[in-house]
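Asks: Can you read through this structure? Questions will come right after.
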Amino acid sequence: MSDTAVLLPDQGQTRKTGRWLYAASVTLLCAWVIVPLYFLLINTLSAPETVNSFPKSFVPEFDLGSLTFFAGFQGMLTALKNSIVVAFLTMVMSILIGAPAGYALSRFEFRGKEAFRLLILLTRAFPLPLLALPLAVMFIRTGLDDTAFGLALVHTTLAIPFAVLITFSLFSGIPVELEEAAWTLGCTRLTAFTKVVLPLILPGITASAIFAFVISWNEVFAAAVLTIENRTLTAFLLQTLGEAPLHLKFAGGFILVVPALIFIFAVRKYLFAMWGIANR
(Lines give C-alpha, C1' and ligand atoms only; values in the text may rest on other atoms or scores of the structure.)
Protein backbone atom coordinates (compact mmCIF):
# COMPACT_ATOMS: atom_id res chain seq x y z
CA MET A 1 0.00 0.00 0.00
CA SER A 2 2.79 2.41 0.84
CA ASP A 3 4.55 1.72 -2.48
CA THR A 4 1.31 2.39 -4.34
CA ALA A 5 0.78 5.63 -2.46
CA VAL A 6 4.29 6.74 -3.37
CA LEU A 7 3.75 6.03 -7.09
CA LEU A 8 0.41 7.83 -7.38
CA PRO A 9 1.83 11.40 -7.46
CA ASP A 10 4.29 10.37 -10.19
CA GLN A 11 1.51 8.84 -12.23
CA GLY A 12 -0.58 11.98 -11.91
CA GLN A 13 2.35 14.13 -12.99
CA THR A 14 2.99 11.84 -15.97
CA ARG A 15 -0.62 12.05 -17.08
CA LYS A 16 -0.63 15.82 -16.69
CA THR A 17 2.54 16.09 -18.77
CA GLY A 18 1.02 13.81 -21.39
CA ARG A 19 -2.07 15.98 -21.62
CA TRP A 20 0.05 19.10 -22.04
CA LEU A 21 2.12 17.46 -24.77
CA TYR A 22 -1.04 16.31 -26.52
CA ALA A 23 -2.57 19.80 -26.36
CA ALA A 24 0.66 21.38 -27.60
CA SER A 25 0.87 18.90 -30.50
CA VAL A 26 -2.73 19.56 -31.53
CA THR A 27 -2.20 23.34 -31.29
CA LEU A 28 0.97 23.16 -33.37
CA LEU A 29 -0.71 21.01 -36.01
CA CYS A 30 -3.70 23.33 -36.22
CA ALA A 31 -1.43 26.36 -36.52
CA TRP A 32 0.58 24.58 -39.23
CA VAL A 33 -2.60 24.19 -41.29
CA ILE A 34 -4.65 27.26 -40.38
CA VAL A 35 -2.01 30.03 -40.43
CA PRO A 36 -1.07 29.61 -44.13
CA LEU A 37 -4.75 29.41 -45.05
CA TYR A 38 -5.46 32.58 -43.09
CA PHE A 39 -2.69 34.49 -44.83
CA LEU A 40 -3.96 33.16 -48.15
CA LEU A 41 -7.39 34.55 -47.28
CA ILE A 42 -5.95 37.92 -46.20
CA ASN A 43 -3.99 38.38 -49.43
CA THR A 44 -6.87 37.23 -51.61
CA LEU A 45 -9.30 39.69 -50.02
CA SER A 46 -6.86 42.60 -50.20
CA ALA A 47 -6.18 45.10 -52.98
CA PRO A 48 -3.35 44.17 -55.38
CA GLU A 49 -1.28 47.08 -54.06
CA THR A 50 -1.64 45.82 -50.50
CA VAL A 51 -0.54 42.29 -51.44
CA ASN A 52 2.81 43.62 -52.63
CA SER A 53 3.29 45.97 -49.68
CA PHE A 54 5.18 45.40 -46.44
CA PRO A 55 4.46 44.96 -43.55
CA LYS A 56 1.43 42.74 -44.08
CA SER A 57 -1.88 43.42 -42.41
CA PHE A 58 -3.41 40.73 -40.24
CA VAL A 59 -6.94 41.85 -41.12
CA PRO A 60 -8.39 41.40 -44.65
CA GLU A 61 -9.57 44.53 -46.43
CA PHE A 62 -12.41 42.65 -48.13
CA ASP A 63 -11.31 44.17 -51.42
CA LEU A 64 -12.20 42.05 -54.47
CA GLY A 65 -9.51 43.57 -56.68
CA SER A 66 -7.37 40.42 -56.73
CA LEU A 67 -10.32 38.17 -57.53
CA THR A 68 -11.50 40.57 -60.23
CA PHE A 69 -8.03 40.56 -61.76
CA PHE A 70 -8.08 36.75 -61.59
CA ALA A 71 -11.41 36.58 -63.44
CA GLY A 72 -10.15 38.95 -66.12
CA PHE A 73 -6.75 37.31 -66.65
CA GLN A 74 -6.49 35.88 -70.17
CA GLY A 75 -7.25 32.16 -70.24
CA MET A 76 -8.06 31.88 -66.54
CA LEU A 77 -11.81 31.42 -66.85
CA THR A 78 -11.31 28.88 -69.63
CA ALA A 79 -8.95 26.92 -67.39
CA LEU A 80 -11.48 27.13 -64.56
CA LYS A 81 -14.18 25.78 -66.86
CA ASN A 82 -11.91 22.93 -67.95
CA SER A 83 -11.26 22.03 -64.31
CA ILE A 84 -14.99 21.87 -63.61
CA VAL A 85 -15.69 19.74 -66.69
CA VAL A 86 -12.86 17.30 -65.98
CA ALA A 87 -13.76 17.03 -62.29
CA PHE A 88 -17.43 16.41 -63.14
CA LEU A 89 -16.55 13.65 -65.62
CA THR A 90 -14.20 12.11 -63.04
CA MET A 91 -16.92 12.21 -60.41
CA VAL A 92 -19.46 10.46 -62.64
CA MET A 93 -17.10 7.76 -63.96
CA SER A 94 -15.58 6.96 -60.57
CA ILE A 95 -19.02 6.37 -59.04
CA LEU A 96 -20.29 4.35 -62.01
CA ILE A 97 -17.25 2.07 -61.68
CA GLY A 98 -16.50 2.23 -57.95
CA ALA A 99 -20.01 1.81 -56.52
CA PRO A 100 -20.72 -1.58 -58.18
CA ALA A 101 -17.27 -2.78 -57.10
CA GLY A 102 -17.93 -1.66 -53.53
CA TYR A 103 -21.29 -3.44 -53.58
CA ALA A 104 -19.69 -6.67 -54.79
CA LEU A 105 -17.01 -6.49 -52.09
CA SER A 106 -19.60 -6.00 -49.36
CA ARG A 107 -22.09 -8.66 -50.48
CA PHE A 108 -19.95 -11.51 -51.81
CA GLU A 109 -17.33 -13.58 -50.02
CA PHE A 110 -14.29 -14.91 -51.88
CA ARG A 111 -10.77 -15.99 -51.07
CA GLY A 112 -8.31 -13.12 -50.74
CA LYS A 113 -11.00 -10.49 -50.22
CA GLU A 114 -9.05 -8.52 -47.60
CA ALA A 115 -5.87 -8.66 -49.68
CA PHE A 116 -7.84 -7.41 -52.67
CA ARG A 117 -9.09 -4.43 -50.68
CA LEU A 118 -5.50 -3.59 -49.74
CA LEU A 119 -4.34 -3.95 -53.35
CA ILE A 120 -7.05 -1.51 -54.45
CA LEU A 121 -5.63 1.11 -52.13
CA LEU A 122 -2.03 0.31 -53.06
CA THR A 123 -2.73 1.33 -56.64
CA ARG A 124 -2.55 4.92 -55.36
CA ALA A 125 1.01 4.26 -54.18
CA PHE A 126 2.21 3.72 -57.75
CA PRO A 127 4.06 6.91 -58.81
CA LEU A 128 2.23 8.73 -61.57
CA PRO A 129 5.42 10.28 -63.07
CA LEU A 130 6.53 6.79 -64.16
CA LEU A 131 3.40 6.53 -66.28
CA ALA A 132 3.67 10.01 -67.77
CA LEU A 133 5.57 9.11 -70.95
CA PRO A 134 3.60 5.90 -71.77
CA LEU A 135 0.32 7.73 -71.11
CA ALA A 136 1.32 10.66 -73.30
CA VAL A 137 2.29 8.35 -76.19
CA MET A 138 -0.89 6.27 -75.85
CA PHE A 139 -3.10 9.34 -75.65
CA ILE A 140 -1.49 10.90 -78.72
CA ARG A 141 -2.03 7.70 -80.71
CA THR A 142 -5.66 7.41 -79.63
CA GLY A 143 -6.46 11.10 -79.99
CA LEU A 144 -7.21 11.57 -76.30
CA ASP A 145 -4.36 13.99 -75.67
CA ASP A 146 -5.30 17.53 -74.70
CA THR A 147 -8.96 16.57 -74.15
CA ALA A 148 -11.15 16.82 -71.08
CA PHE A 149 -12.30 13.21 -71.43
CA GLY A 150 -8.76 11.84 -71.67
CA LEU A 151 -7.64 13.72 -68.57
CA ALA A 152 -10.80 12.63 -66.76
CA LEU A 153 -9.88 9.00 -67.48
CA VAL A 154 -6.54 9.47 -65.73
CA HIS A 155 -8.18 11.24 -62.79
CA THR A 156 -10.77 8.46 -62.57
CA THR A 157 -8.03 5.87 -62.07
CA LEU A 158 -6.78 7.99 -59.17
CA ALA A 159 -10.24 8.33 -57.61
CA ILE A 160 -11.56 4.77 -58.10
CA PRO A 161 -9.68 3.20 -55.13
CA PHE A 162 -11.26 5.66 -52.71
CA ALA A 163 -14.66 5.34 -54.37
CA VAL A 164 -14.51 1.54 -54.03
CA LEU A 165 -13.47 1.57 -50.37
CA ILE A 166 -15.90 4.29 -49.33
CA THR A 167 -18.86 2.64 -51.03
CA PHE A 168 -17.76 -0.73 -49.63
CA SER A 169 -18.00 0.68 -46.09
CA LEU A 170 -21.41 2.17 -46.91
CA PHE A 171 -22.85 -1.05 -48.29
CA SER A 172 -21.38 -3.01 -45.39
CA GLY A 173 -23.38 -0.83 -43.01
CA ILE A 174 -26.66 -1.88 -44.65
CA PRO A 175 -27.86 -5.29 -43.35
CA VAL A 176 -28.26 -7.81 -46.15
CA GLU A 177 -31.48 -8.94 -44.43
CA LEU A 178 -33.17 -5.81 -45.80
CA GLU A 179 -32.49 -6.94 -49.34
CA GLU A 180 -33.52 -10.51 -48.57
CA ALA A 181 -36.82 -9.25 -47.16
CA ALA A 182 -37.40 -7.30 -50.38
CA TRP A 183 -36.66 -10.43 -52.42
CA THR A 184 -39.30 -12.38 -50.52
CA LEU A 185 -41.81 -9.63 -51.35
CA GLY A 186 -41.25 -10.05 -55.08
CA CYS A 187 -38.39 -7.65 -55.77
CA THR A 188 -35.52 -8.63 -57.98
CA ARG A 189 -31.95 -7.95 -56.88
CA LEU A 190 -31.96 -4.76 -58.96
CA THR A 191 -35.28 -3.42 -57.67
CA ALA A 192 -34.34 -4.33 -54.10
CA PHE A 193 -31.15 -2.33 -54.54
CA THR A 194 -32.84 0.71 -56.08
CA LYS A 195 -35.80 0.81 -53.69
CA VAL A 196 -34.22 -0.31 -50.41
CA VAL A 197 -30.43 0.08 -50.40
CA LEU A 198 -29.87 3.08 -52.67
CA PRO A 199 -32.05 5.55 -50.68
CA LEU A 200 -30.13 4.62 -47.51
CA ILE A 201 -26.66 5.11 -48.95
CA LEU A 202 -27.38 8.02 -51.29
CA PRO A 203 -25.79 10.63 -48.96
CA GLY A 204 -22.65 8.51 -48.75
CA ILE A 205 -22.57 8.02 -52.53
CA THR A 206 -22.84 11.78 -52.90
CA ALA A 207 -19.95 12.26 -50.49
CA SER A 208 -17.85 9.74 -52.40
CA ALA A 209 -18.62 11.58 -55.64
CA ILE A 210 -17.58 14.88 -54.06
CA PHE A 211 -14.32 13.33 -52.90
CA ALA A 212 -13.61 12.17 -56.47
CA PHE A 213 -14.36 15.72 -57.62
CA VAL A 214 -11.80 17.10 -55.17
CA ILE A 215 -9.13 14.62 -56.28
CA SER A 216 -9.54 15.76 -59.88
CA TRP A 217 -9.83 19.42 -58.88
CA ASN A 218 -6.43 19.44 -57.15
CA GLU A 219 -4.49 17.12 -59.48
CA VAL A 220 -1.73 18.94 -61.36
CA PHE A 221 0.86 16.50 -62.72
CA ALA A 222 -1.27 14.63 -65.26
CA ALA A 223 -3.03 17.86 -66.21
CA ALA A 224 0.31 19.55 -66.93
CA VAL A 225 1.68 16.61 -68.94
CA LEU A 226 -1.38 15.57 -70.95
CA THR A 227 -2.81 18.99 -71.86
CA ILE A 228 -1.44 21.93 -73.80
CA GLU A 229 -4.29 24.12 -75.02
CA ASN A 230 -7.07 22.83 -72.76
CA ARG A 231 -5.28 23.11 -69.43
CA THR A 232 -7.08 22.86 -66.13
CA LEU A 233 -6.75 25.58 -63.53
CA THR A 234 -3.97 23.83 -61.60
CA ALA A 235 -1.90 23.26 -64.76
CA PHE A 236 -2.56 26.81 -65.97
CA LEU A 237 -1.44 28.30 -62.66
CA LEU A 238 1.66 26.13 -62.72
CA GLN A 239 2.43 27.37 -66.23
CA THR A 240 2.08 31.02 -65.25
CA LEU A 241 3.71 30.91 -61.80
CA GLY A 242 6.94 32.49 -62.99
CA GLU A 243 5.39 35.45 -64.79
CA ALA A 244 2.10 35.99 -62.94
CA PRO A 245 1.82 38.81 -60.40
CA LEU A 246 1.71 37.90 -56.74
CA HIS A 247 -1.94 38.77 -56.17
CA LEU A 248 -2.97 36.49 -59.06
CA LYS A 249 -1.15 33.59 -57.42
CA PHE A 250 -2.94 34.19 -54.14
CA ALA A 251 -6.33 34.44 -55.87
CA GLY A 252 -5.68 31.25 -57.83
CA GLY A 253 -4.60 29.40 -54.70
CA PHE A 254 -7.73 30.59 -52.92
CA ILE A 255 -9.98 29.34 -55.74
CA LEU A 256 -8.28 25.95 -55.60
CA VAL A 257 -8.06 25.49 -51.85
CA VAL A 258 -11.40 26.71 -50.52
CA PRO A 259 -13.73 24.39 -52.50
CA ALA A 260 -11.51 21.43 -51.64
CA LEU A 261 -11.60 22.28 -47.92
CA ILE A 262 -15.38 22.64 -47.95
CA PHE A 263 -15.88 19.35 -49.77
CA ILE A 264 -13.45 17.41 -47.58
CA PHE A 265 -15.13 18.78 -44.45
CA ALA A 266 -18.48 17.62 -45.82
CA VAL A 267 -17.32 14.05 -46.49
CA ARG A 268 -15.00 13.57 -43.51
CA LYS A 269 -17.21 11.05 -41.68
CA TYR A 270 -17.37 8.84 -44.75
CA LEU A 271 -13.58 8.91 -45.01
CA PHE A 272 -13.40 7.77 -41.39
CA ALA A 273 -15.92 5.04 -42.16
CA MET A 274 -13.65 3.80 -44.95
CA TRP A 275 -11.14 2.79 -42.27
CA GLY A 276 -13.77 1.44 -39.90
CA ILE A 277 -13.51 4.36 -37.46
CA ALA A 278 -16.73 4.85 -35.55
CA ASN A 279 -18.29 8.31 -35.67
CA ARG A 280 -19.95 9.92 -32.73
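Chain labels A, B, ... are given in the sequence in which chains occur in the C-alpha coordinates; within each chain residues are numbered consecutively from 1, and ligands are likewise numbered from 1 in the order shown.
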Give me the range 73-165 of chain A side of the contact with range 203-213 of chain A, cut-off 6 Å, one line per residue showing its nearest atom pair and distance in Å at one decimal, counting only C-alpha atoms, sorted by chain and residue number, as a tab-separated table.
Replies:
```
residue	atom	partner	partner_atom	distance
A:Ala87	CA	A:Phe213	CA	4.9
A:Met91	CA	A:Ala209	CA	5.1
A:Ala159	CA	A:Ala212	CA	5.2
A:Ala163	CA	A:Ser208	CA	5.8
```
Asks: With range 101-107 of chain A as the partner and 12 Å as the cut-off, tabulate the residues of range 178-236 of chain A that qualify, each row holding the nearest pair of atoms and their distance in Å to one decimal, using only C-alpha atoms, sorted by chain and rising number, as CSV.
Replies:
```
residue,atom,partner,partner_atom,distance
A:Glu179,CA,A:Arg107,CA,10.6
A:Glu180,CA,A:Arg107,CA,11.7
A:Arg189,CA,A:Arg107,CA,11.8
A:Phe193,CA,A:Tyr103,CA,10.0
A:Val197,CA,A:Tyr103,CA,10.3
A:Leu198,CA,A:Tyr103,CA,10.8
A:Ile201,CA,A:Tyr103,CA,11.1
A:Ile205,CA,A:Gly102,CA,10.8
A:Ser208,CA,A:Gly102,CA,11.5
```
Asks: If I take CA of Phe116 in chain A and CA of Val164 in chain A, how far is one from the other in Å, to one decimal?
Replies: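 Taking CA of Phe116 in chain A as the start and CA of Val164 in chain A as the end point, the length is 11.2 Å.
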Asks: I'd like to know which residues of range 15-215 of chain A are helix (DSSP H, G or I) (by DSSP, run on the backbone); could you write them as a ChimeraX atom specification?
Replies: /A:15-44,48-51,65-72,76-107,113-125,129-142,148-172,176-184,189-215
Asks: For CA of Ala152 in chain A and CA of Phe168 in chain A, quote the distance in Å rounded to one decimal.
Replies: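 Spanning CA of Ala152 in chain A to CA of Phe168 in chain A is a straight-line distance of 22.8 Å.
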